[in-house]
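structure_16.cif, holding mmCIF, C-alpha atoms:
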```cif
data_upload
#
loop_
_atom_site.group_PDB
_atom_site.id
_atom_site.type_symbol
_atom_site.label_atom_id
_atom_site.label_comp_id
_atom_site.auth_asym_id
_atom_site.auth_seq_id
_atom_site.Cartn_x
_atom_site.Cartn_y
_atom_site.Cartn_z
ATOM 1 C CA MET W 9 22.377 -22.555 -16.856
ATOM 2 C CA ARG W 10 21.225 -24.330 -20.005
ATOM 3 C CA GLU W 11 17.683 -22.984 -19.501
ATOM 4 C CA PHE W 12 19.134 -19.505 -19.034
ATOM 5 C CA LEU W 13 21.065 -19.669 -22.312
ATOM 6 C CA VAL W 14 18.057 -20.966 -24.231
ATOM 7 C CA ARG W 15 15.716 -18.331 -22.835
ATOM 8 C CA THR W 16 18.071 -15.442 -23.606
ATOM 9 C CA SER W 17 19.340 -16.601 -26.994
ATOM 10 C CA HIS W 18 16.371 -14.962 -28.797
ATOM 11 C CA LYS W 19 17.199 -11.509 -27.434
ATOM 12 C CA PRO W 20 19.005 -9.335 -29.988
ATOM 13 C CA ARG W 21 20.872 -7.350 -27.334
ATOM 14 C CA PRO W 22 23.861 -8.553 -25.270
ATOM 15 C CA LEU W 23 23.523 -9.707 -21.694
ATOM 16 C CA PRO W 24 24.274 -7.229 -18.913
ATOM 17 C CA THR W 25 27.786 -7.524 -17.522
ATOM 18 C CA GLY W 26 28.421 -9.723 -14.508
ATOM 19 C CA ARG W 27 26.200 -12.476 -13.161
ATOM 20 C CA TRP W 28 22.475 -12.369 -12.618
ATOM 21 C CA ALA W 29 21.467 -12.349 -8.955
ATOM 22 C CA MET W 30 17.895 -13.653 -9.096
ATOM 23 C CA THR W 31 15.419 -15.212 -11.456
ATOM 24 C CA GLN W 32 11.612 -15.115 -11.244
ATOM 25 C CA ARG W 33 8.645 -16.037 -13.382
ATOM 26 C CA TRP W 34 5.894 -13.416 -13.740
ATOM 27 C CA ASN W 35 2.443 -14.848 -14.476
ATOM 28 C CA ASP W 36 -0.950 -13.577 -15.692
ATOM 29 C CA LEU W 37 -0.038 -9.908 -15.835
ATOM 30 C CA LEU W 38 -2.438 -7.128 -16.624
ATOM 31 C CA PHE W 39 -0.901 -3.934 -17.997
ATOM 32 C CA ALA W 40 -3.334 -1.032 -17.529
ATOM 33 C CA HIS W 41 -1.887 2.281 -18.746
ATOM 34 C CA TRP W 42 -3.202 5.849 -18.657
ATOM 35 C CA PRO W 43 -1.712 8.884 -20.461
ATOM 36 C CA ILE W 44 -0.499 11.514 -17.998
ATOM 37 C CA PRO W 45 1.084 14.919 -18.805
ATOM 38 C CA ALA W 46 4.852 14.578 -18.541
ATOM 39 C CA VAL W 47 5.087 17.617 -16.263
ATOM 40 C CA LEU W 48 2.955 15.850 -13.617
ATOM 41 C CA ILE W 49 5.095 12.715 -13.753
ATOM 42 C CA GLU W 50 8.387 14.617 -13.643
ATOM 43 C CA ALA W 51 7.271 16.494 -10.518
ATOM 44 C CA LEU W 52 7.351 13.129 -8.710
ATOM 45 C CA LEU W 53 10.631 11.793 -10.128
ATOM 46 C CA PRO W 54 14.143 12.111 -8.715
ATOM 47 C CA GLU W 55 15.934 14.998 -10.409
ATOM 48 C CA TRP W 56 18.250 12.644 -12.318
ATOM 49 C CA LEU W 57 15.297 11.053 -14.162
ATOM 50 C CA GLU W 58 13.067 12.484 -16.884
ATOM 51 C CA ALA W 59 9.728 11.197 -18.109
ATOM 52 C CA ASP W 60 9.872 9.218 -21.345
ATOM 53 C CA THR W 61 6.955 9.885 -23.681
ATOM 54 C CA CYS W 62 5.064 8.127 -26.461
ATOM 55 C CA GLN W 63 2.290 9.590 -28.601
ATOM 56 C CA GLY W 64 2.867 12.932 -26.915
ATOM 57 C CA SER W 65 2.340 11.767 -23.346
ATOM 58 C CA ALA W 66 3.979 10.153 -20.367
ATOM 59 C CA TRP W 67 2.250 7.003 -19.094
ATOM 60 C CA LEU W 68 1.273 5.622 -15.707
ATOM 61 C CA GLY W 69 0.714 1.875 -15.445
ATOM 62 C CA ALA W 70 -0.896 -0.405 -12.854
ATOM 63 C CA VAL W 71 0.415 -3.972 -13.159
ATOM 64 C CA PRO W 72 -1.122 -6.801 -11.078
ATOM 65 C CA PHE W 73 0.285 -10.335 -11.435
ATOM 66 C CA TRP W 74 1.615 -13.284 -9.452
ATOM 67 C CA LEU W 75 5.122 -14.674 -9.417
ATOM 68 C CA ASP W 76 6.788 -18.016 -8.795
ATOM 69 C CA ARG W 77 9.991 -19.967 -9.615
ATOM 70 C CA ILE W 78 11.964 -17.532 -7.504
ATOM 71 C CA LYS W 79 15.651 -18.395 -7.215
ATOM 72 C CA VAL W 80 18.517 -16.461 -5.683
ATOM 73 C CA ARG W 81 21.861 -17.367 -7.231
ATOM 74 C CA GLY W 82 23.857 -19.675 -4.992
ATOM 75 C CA LEU W 83 21.035 -20.382 -2.546
ATOM 76 C CA PRO W 84 18.574 -23.277 -2.287
ATOM 77 C CA ALA W 85 14.850 -22.610 -2.623
ATOM 78 C CA ILE W 86 13.745 -20.234 0.137
ATOM 79 C CA PRO W 87 10.660 -21.334 2.105
ATOM 80 C CA GLY W 88 8.028 -18.617 1.982
ATOM 81 C CA LEU W 89 9.061 -17.402 -1.470
ATOM 82 C CA ARG W 90 7.333 -20.023 -3.597
ATOM 83 C CA ASN W 91 4.580 -17.901 -5.168
ATOM 84 C CA PHE W 92 2.536 -14.844 -4.251
ATOM 85 C CA PRO W 93 0.666 -11.931 -5.899
ATOM 86 C CA ASP W 94 2.292 -8.592 -6.582
ATOM 87 C CA LEU W 95 1.199 -5.152 -7.793
ATOM 88 C CA ASN W 96 3.214 -2.196 -9.010
ATOM 89 C CA LEU W 97 2.536 1.352 -10.135
ATOM 90 C CA ARG W 98 5.062 2.341 -12.780
ATOM 91 C CA THR W 99 6.056 4.961 -15.277
ATOM 92 C CA TYR W 100 8.642 5.040 -18.056
ATOM 93 C CA VAL W 101 11.733 7.183 -17.853
ATOM 94 C CA ARG W 102 15.229 7.933 -19.084
ATOM 95 C CA ASP W 103 18.060 8.802 -16.769
ATOM 96 C CA ARG W 104 19.677 12.158 -17.431
ATOM 97 C CA LEU W 105 23.168 10.743 -16.882
ATOM 98 C CA THR W 106 23.287 8.165 -19.682
ATOM 99 C CA GLY W 107 19.965 8.495 -21.520
ATOM 100 C CA THR W 108 19.098 4.860 -20.793
ATOM 101 C CA PRO W 109 15.364 4.023 -20.977
ATOM 102 C CA GLY W 110 13.878 2.111 -18.075
ATOM 103 C CA ILE W 111 11.098 1.691 -15.546
ATOM 104 C CA TYR W 112 10.519 3.723 -12.405
ATOM 105 C CA CYS W 113 8.019 2.359 -9.898
ATOM 106 C CA PHE W 114 6.262 4.676 -7.474
ATOM 107 C CA SER W 115 5.105 1.708 -5.409
ATOM 108 C CA PHE W 116 5.143 -2.063 -5.117
ATOM 109 C CA ASP W 117 2.544 -3.933 -3.071
ATOM 110 C CA SER W 118 3.044 -7.524 -1.956
ATOM 111 C CA SER W 119 1.378 -9.898 0.469
ATOM 112 C CA ASN W 120 4.716 -11.595 1.229
ATOM 113 C CA LEU W 121 6.492 -10.036 4.214
ATOM 114 C CA LEU W 122 9.811 -11.719 3.384
ATOM 115 C CA ALA W 123 9.698 -10.356 -0.167
ATOM 116 C CA VAL W 124 8.863 -6.856 1.091
ATOM 117 C CA VAL W 125 11.775 -6.809 3.534
ATOM 118 C CA ALA W 126 14.257 -8.321 1.057
ATOM 119 C CA ALA W 127 13.306 -5.950 -1.764
ATOM 120 C CA ARG W 128 13.547 -2.879 0.448
ATOM 121 C CA LEU W 129 16.938 -3.887 1.890
ATOM 122 C CA ALA W 130 18.626 -5.404 -1.155
ATOM 123 C CA CYS W 131 17.139 -3.428 -4.042
ATOM 124 C CA HIS W 132 15.944 -0.226 -2.301
ATOM 125 C CA LEU W 133 12.532 -0.586 -3.937
ATOM 126 C CA PRO W 134 9.431 1.031 -2.369
ATOM 127 C CA TYR W 135 7.695 -2.212 -1.399
ATOM 128 C CA LYS W 136 4.684 -2.092 0.913
ATOM 129 C CA LEU W 137 2.873 -4.893 2.696
ATOM 130 C CA ALA W 138 -0.676 -5.540 1.526
ATOM 131 C CA GLU W 139 -3.561 -7.930 1.922
ATOM 132 C CA MET W 140 -3.907 -9.525 -1.513
ATOM 133 C CA ARG W 141 -5.976 -12.128 -3.311
ATOM 134 C CA PHE W 142 -5.477 -13.562 -6.781
ATOM 135 C CA GLU W 143 -8.244 -15.782 -8.158
ATOM 136 C CA ARG W 144 -8.169 -17.728 -11.409
ATOM 137 C CA ARG W 145 -11.769 -17.952 -12.603
ATOM 138 C CA SER W 146 -10.962 -19.697 -15.881
ATOM 139 C CA GLU W 147 -7.973 -20.286 -18.124
ATOM 140 C CA ARG W 148 -7.721 -16.561 -19.014
ATOM 141 C CA ASP W 149 -10.091 -14.875 -16.565
ATOM 142 C CA PHE W 150 -8.751 -13.518 -13.264
ATOM 143 C CA ALA W 151 -9.793 -11.487 -10.237
ATOM 144 C CA PHE W 152 -7.266 -9.444 -8.270
ATOM 145 C CA TYR W 153 -7.655 -7.601 -4.962
ATOM 146 C CA SER W 154 -5.106 -5.606 -2.966
ATOM 147 C CA ARG W 155 -5.487 -3.469 0.165
ATOM 148 C CA ARG W 156 -2.351 -1.826 1.499
ATOM 149 C CA ARG W 157 -1.765 -2.443 5.204
ATOM 150 C CA PHE W 158 -0.991 0.348 7.676
ATOM 151 C CA SER W 159 -2.130 2.963 5.165
ATOM 152 C CA ARG W 160 -4.391 5.940 5.838
ATOM 153 C CA PRO W 161 -6.253 6.719 3.725
ATOM 154 C CA GLN W 162 -6.809 3.243 2.325
ATOM 155 C CA VAL W 163 -5.092 2.227 -0.896
ATOM 156 C CA ILE W 164 -7.142 -0.448 -2.678
ATOM 157 C CA PHE W 165 -6.893 -1.956 -6.131
ATOM 158 C CA LYS W 166 -9.657 -4.283 -7.282
ATOM 159 C CA ALA W 167 -10.088 -5.590 -10.809
ATOM 160 C CA ARG W 168 -11.216 -8.455 -12.957
ATOM 161 C CA TYR W 169 -9.377 -9.002 -16.231
ATOM 162 C CA ARG W 170 -8.961 -11.483 -19.051
ATOM 163 C CA GLY W 171 -6.611 -12.176 -21.925
ATOM 164 C CA LEU W 172 -8.196 -11.987 -25.369
ATOM 165 C CA GLY W 173 -5.397 -13.562 -27.390
ATOM 166 C CA PRO W 174 -2.682 -12.077 -29.600
ATOM 167 C CA THR W 175 -3.352 -9.756 -32.534
ATOM 168 C CA GLY W 176 -1.137 -8.303 -35.231
ATOM 169 C CA SER W 177 0.022 -5.403 -33.020
ATOM 170 C CA THR W 178 1.013 -7.733 -30.177
ATOM 171 C CA VAL W 179 2.537 -10.581 -32.196
ATOM 172 C CA GLU W 180 4.903 -8.280 -34.078
ATOM 173 C CA ILE W 181 5.737 -5.390 -31.778
ATOM 174 C CA ARG W 182 7.093 -2.521 -33.855
ATOM 175 C CA PRO W 183 9.323 0.359 -32.705
ATOM 176 C CA GLY W 184 7.230 3.467 -32.162
ATOM 177 C CA SER W 185 4.166 1.548 -30.975
ATOM 178 C CA LEU W 186 2.810 1.713 -27.449
ATOM 179 C CA GLU W 187 3.503 -2.010 -27.072
ATOM 180 C CA PHE W 188 7.176 -1.412 -27.867
ATOM 181 C CA PHE W 189 7.317 1.615 -25.570
ATOM 182 C CA PHE W 190 5.859 -0.313 -22.621
ATOM 183 C CA SER W 191 7.750 -3.583 -23.070
ATOM 184 C CA GLU W 192 11.244 -2.733 -24.303
ATOM 185 C CA ARG W 193 12.551 -1.755 -20.892
ATOM 186 C CA ASN W 194 15.566 -3.563 -19.504
ATOM 187 C CA CYS W 195 16.224 -1.923 -16.160
ATOM 188 C CA ILE W 196 14.431 -0.603 -13.085
ATOM 189 C CA PHE W 197 15.686 2.668 -11.585
ATOM 190 C CA SER W 198 15.707 3.522 -7.906
ATOM 191 C CA THR W 199 17.683 5.512 -5.328
ATOM 192 C CA ASN W 200 19.859 4.000 -2.609
ATOM 193 C CA ARG W 201 19.997 5.121 1.009
ATOM 194 C CA ALA W 202 22.769 7.583 0.235
ATOM 195 C CA GLY W 203 20.526 9.261 -2.338
ATOM 196 C CA GLN W 204 22.553 7.944 -5.283
ATOM 197 C CA PRO W 205 20.880 6.826 -8.525
ATOM 198 C CA ILE W 206 20.917 3.054 -9.042
ATOM 199 C CA ARG W 207 19.477 0.580 -11.529
ATOM 200 C CA ALA W 208 18.868 -3.154 -11.617
ATOM 201 C CA ASN W 209 19.280 -4.603 -15.099
ATOM 202 C CA LEU W 210 16.723 -7.117 -16.395
ATOM 203 C CA HIS W 211 16.902 -9.732 -19.131
ATOM 204 C CA HIS W 212 14.103 -11.723 -20.726
ATOM 205 C CA ILE W 213 12.716 -12.737 -24.079
ATOM 206 C CA PRO W 214 10.397 -10.218 -25.795
ATOM 207 C CA TRP W 215 7.106 -9.857 -23.925
ATOM 208 C CA PRO W 216 4.402 -12.272 -25.188
ATOM 209 C CA LEU W 217 1.622 -9.676 -25.150
ATOM 210 C CA GLU W 218 -2.088 -10.118 -25.883
ATOM 211 C CA GLU W 219 -5.064 -7.835 -26.110
ATOM 212 C CA ALA W 220 -7.009 -7.661 -22.833
ATOM 213 C CA ASP W 221 -10.297 -6.648 -21.280
ATOM 214 C CA ALA W 222 -10.718 -5.462 -17.693
ATOM 215 C CA GLU W 223 -13.211 -4.053 -15.207
ATOM 216 C CA ILE W 224 -11.258 -2.001 -12.692
ATOM 217 C CA GLU W 225 -13.680 -1.543 -9.831
ATOM 218 C CA ARG W 226 -11.351 0.500 -7.653
ATOM 219 C CA ASN W 227 -7.881 1.952 -8.134
ATOM 220 C CA ASP W 228 -6.375 4.183 -5.446
ATOM 221 C CA LEU W 229 -2.768 3.822 -6.636
ATOM 222 C CA GLY W 230 -2.637 7.095 -8.557
ATOM 223 C CA THR W 231 -4.383 9.060 -5.825
ATOM 224 C CA ALA W 232 -1.832 7.771 -3.305
ATOM 225 C CA ILE W 233 0.956 9.611 -5.154
ATOM 226 C CA GLY W 234 -1.139 12.701 -5.924
ATOM 227 C CA ILE W 235 -2.168 11.952 -9.517
ATOM 228 C CA ALA W 236 -5.802 11.813 -10.630
ATOM 229 C CA LEU W 237 -6.206 9.317 -13.451
ATOM 230 C CA PRO W 238 -8.028 10.651 -16.534
ATOM 231 C CA ALA W 239 -11.673 9.708 -16.983
ATOM 232 C CA MET W 240 -11.021 7.298 -19.828
ATOM 233 C CA GLU W 241 -10.554 3.600 -20.408
ATOM 234 C CA PRO W 242 -6.925 2.535 -19.947
ATOM 235 C CA VAL W 243 -4.819 0.914 -22.645
ATOM 236 C CA LEU W 244 -4.888 -2.784 -21.748
ATOM 237 C CA HIS W 245 -2.572 -5.703 -22.418
ATOM 238 C CA TYR W 246 -2.224 -9.173 -20.914
ATOM 239 C CA SER W 247 0.745 -11.522 -20.691
ATOM 240 C CA ARG W 248 0.567 -15.186 -19.767
ATOM 241 C CA ARG W 249 4.026 -15.688 -18.273
ATOM 242 C CA LEU W 250 7.609 -14.529 -18.597
ATOM 243 C CA ALA W 251 10.886 -15.712 -17.051
ATOM 244 C CA VAL W 252 12.921 -12.718 -15.860
ATOM 245 C CA TYR W 253 16.568 -12.547 -14.792
ATOM 246 C CA ILE W 254 17.611 -9.719 -12.488
ATOM 247 C CA TRP W 255 21.128 -8.358 -12.009
ATOM 248 C CA PRO W 256 22.412 -6.747 -8.778
ATOM 249 C CA ALA W 257 21.665 -3.050 -8.406
ATOM 250 C CA GLU W 258 24.487 -0.809 -9.628
ATOM 251 C CA LEU W 259 25.229 2.897 -9.540
ATOM 252 C CA VAL W 260 24.130 4.918 -12.564
ATOM 253 C CA ARG W 261 27.206 6.768 -13.753
ATOM 254 C CA PRO W 262 27.516 9.488 -16.414
ATOM 255 C CA ALA W 263 28.519 8.249 -19.843
ATOM 256 C CA LEU W 264 32.171 8.809 -20.592
ATOM 257 C CA SER W 265 32.669 11.596 -23.096
ATOM 258 C CA SER W 266 35.320 11.383 -25.775
ATOM 259 C CA ARG W 267 38.381 13.502 -25.126
ATOM 260 C CA PRO W 268 41.130 14.596 -27.535
ATOM 261 C CA VAL W 269 44.352 12.633 -27.132
ATOM 262 C CA THR W 270 47.492 14.721 -26.895
ATOM 263 C CA VAL W 271 50.245 13.273 -29.084
ATOM 264 C CA ALA W 272 53.801 14.188 -28.287
ATOM 265 C CA ALA W 273 55.634 15.890 -31.139
ATOM 266 C CA THR W 274 58.418 13.835 -32.664
ATOM 267 C CA PRO W 275 61.445 15.371 -34.323
ATOM 268 C CA THR W 276 61.653 15.136 -38.092
#
```

Any chance you could put this one into structure tokens?
Amino acid sequence: MREFLVRTSHKPRPLPTGRWAMTQRWNDLLFAHWPIPAVLIEALLPEWLEADTCQGSAWLGAVPFWLDRIKVRGLPAIPGLRNFPDLNLRTYVRDRLTGTPGIYCFSFDSSNLLAVVAARLACHLPYKLAEMRFERRSERDFAFYSRRRFSRPQVIFKARYRGLGPTGSTVEIRPGSLEFFFSERNCIFSTNRAGQPIRANLHHIPWPLEEADAEIERNDLGTAIGIALPAMEPVLHYSRRLAVYIWPAELVRPALSSRPVTVAATPT
């Protein structure tokens, strides 16, 4: 608990209500983002979500990384969940019920069968089993490969990427910047089996972002959901590691509106 308090004390916002359910550490992340017209993104979203935009566009992001230090509250370390690579395809949204900004993932790929089953059952996230390899070629140079299993046509992501170190735009992330837009997201939206909107709240220190370079040899993630990525270099960022605390999924409910209070008349 002491580590938890120290790691969250730098965050200017309050903790989510209740107790966190799980903690993880995300390592050596590449953020590769492409601008996509909001109308194309919204056609793929649940009706209770709307695309969030920055610099006049919605954004689609491919995020490969590996995770470790996985702990479920109240349970000992779970064999088989020590560390493994992961890949998600995300966009940035606001829910129409409360206006809360967050992340919506069209897909998650993982090589860990236990993680896939647990995430689908407990969090209702679209996890898929994949053959994956993560290779550290040097201190800040990595190779990542993913091929989704039981998928026709094939869905493959293959890239090599490297962190280039922090710059002014990544050390001090300002509101209105792309870095702020991508990183200041504190929940993941999904839909439960009853079709109801849900979100899992997240808590972590501000993202330690760096500039990045990448050669993306193959990326079928966008095609798999019916979106052709633009013929341009993506916006790239790298992050070394980040401890993340995850709260149990909860229903997204409309914000309470203020109502006039009727006051009984009193005799003079």

Counting only C-alpha atoms, what are the residues of region 171-257 of chain W within 8 Å of region 41-64 of chain W, and for each of them which pair of atoms is the nearest and at what distance in Å, to one decimal? Sort the table by chain and rising number, as a tab-separated table.
```
residue	atom	partner	partner_atom	distance
W:Gly184	CA	W:Cys62	CA	7.7
W:Leu186	CA	W:Cys62	CA	6.9
W:Phe189	CA	W:Cys62	CA	6.9
W:Pro205	CA	W:Trp56	CA	7.4
W:Ile235	CA	W:Leu48	CA	7.6
W:Leu237	CA	W:Trp42	CA	6.9
W:Pro238	CA	W:Trp42	CA	7.1
W:Glu241	CA	W:Trp42	CA	7.9
W:Pro242	CA	W:Trp42	CA	5.1
W:Val243	CA	W:His41	CA	5.1
W:Leu244	CA	W:His41	CA	6.6
```

Could you list the residues chosen by the PyMOL selection byres ((chain W and resi 26) around 12) in this structure as a list in words?
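Output from the PyMOL selection byres ((chain W and resi 26) around 12), applied to this file: Pro22, Leu23, Pro24, Thr25, Arg27, Trp28, Ala29, Ala208, Asn209, Ile254, Trp255, Pro256, Ala257 and Glu258 of chain W.
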
For the selection just defined, write its residues with C-alpha atoms to a file, as a PDB file, in the coordinates of the input.
```pdb
ATOM      1  CA  PRO W  22      23.861  -8.553 -25.270  1.00  0.00           C
ATOM      2  CA  LEU W  23      23.523  -9.707 -21.694  1.00  0.00           C
ATOM      3  CA  PRO W  24      24.274  -7.229 -18.913  1.00  0.00           C
ATOM      4  CA  THR W  25      27.786  -7.524 -17.522  1.00  0.00           C
ATOM      5  CA  ARG W  27      26.200 -12.476 -13.161  1.00  0.00           C
ATOM      6  CA  TRP W  28      22.475 -12.369 -12.618  1.00  0.00           C
ATOM      7  CA  ALA W  29      21.467 -12.349  -8.955  1.00  0.00           C
ATOM      8  CA  ALA W 208      18.868  -3.154 -11.617  1.00  0.00           C
ATOM      9  CA  ASN W 209      19.280  -4.603 -15.099  1.00  0.00           C
ATOM     10  CA  ILE W 254      17.611  -9.719 -12.488  1.00  0.00           C
ATOM     11  CA  TRP W 255      21.128  -8.358 -12.009  1.00  0.00           C
ATOM     12  CA  PRO W 256      22.412  -6.747  -8.778  1.00  0.00           C
ATOM     13  CA  ALA W 257      21.665  -3.050  -8.406  1.00  0.00           C
ATOM     14  CA  GLU W 258      24.487  -0.809  -9.628  1.00  0.00           C
TER      15      GLU W 258
END
```

From W:Ser65, W:Thr178, W:Asn91, W:Asn120, residue lying nearest Arg33 (chain W) [only C-alpha atoms]:
W:Asn91

Quick one: residues within 12 Å of (5.3, -9.9, -4.3) (file frame), counting only C-alpha atoms, please, as a ChimeraX atom specification.
/W:32-35,71-76,78,88-96,115-128,133-142,154

Using the chain letters and numbers from this file, what does the PyMOL selection byres ((chain W and resi 249) around 12) select? Give the answer as number ranges by chain.
W: 32-38, 73-77, 148, 171, 212-218, 246-248, 250-252

Atom-to-atom span, CA of Thr108 (chain W) and CA of Glu187 (chain W), Å:
18.2 Å
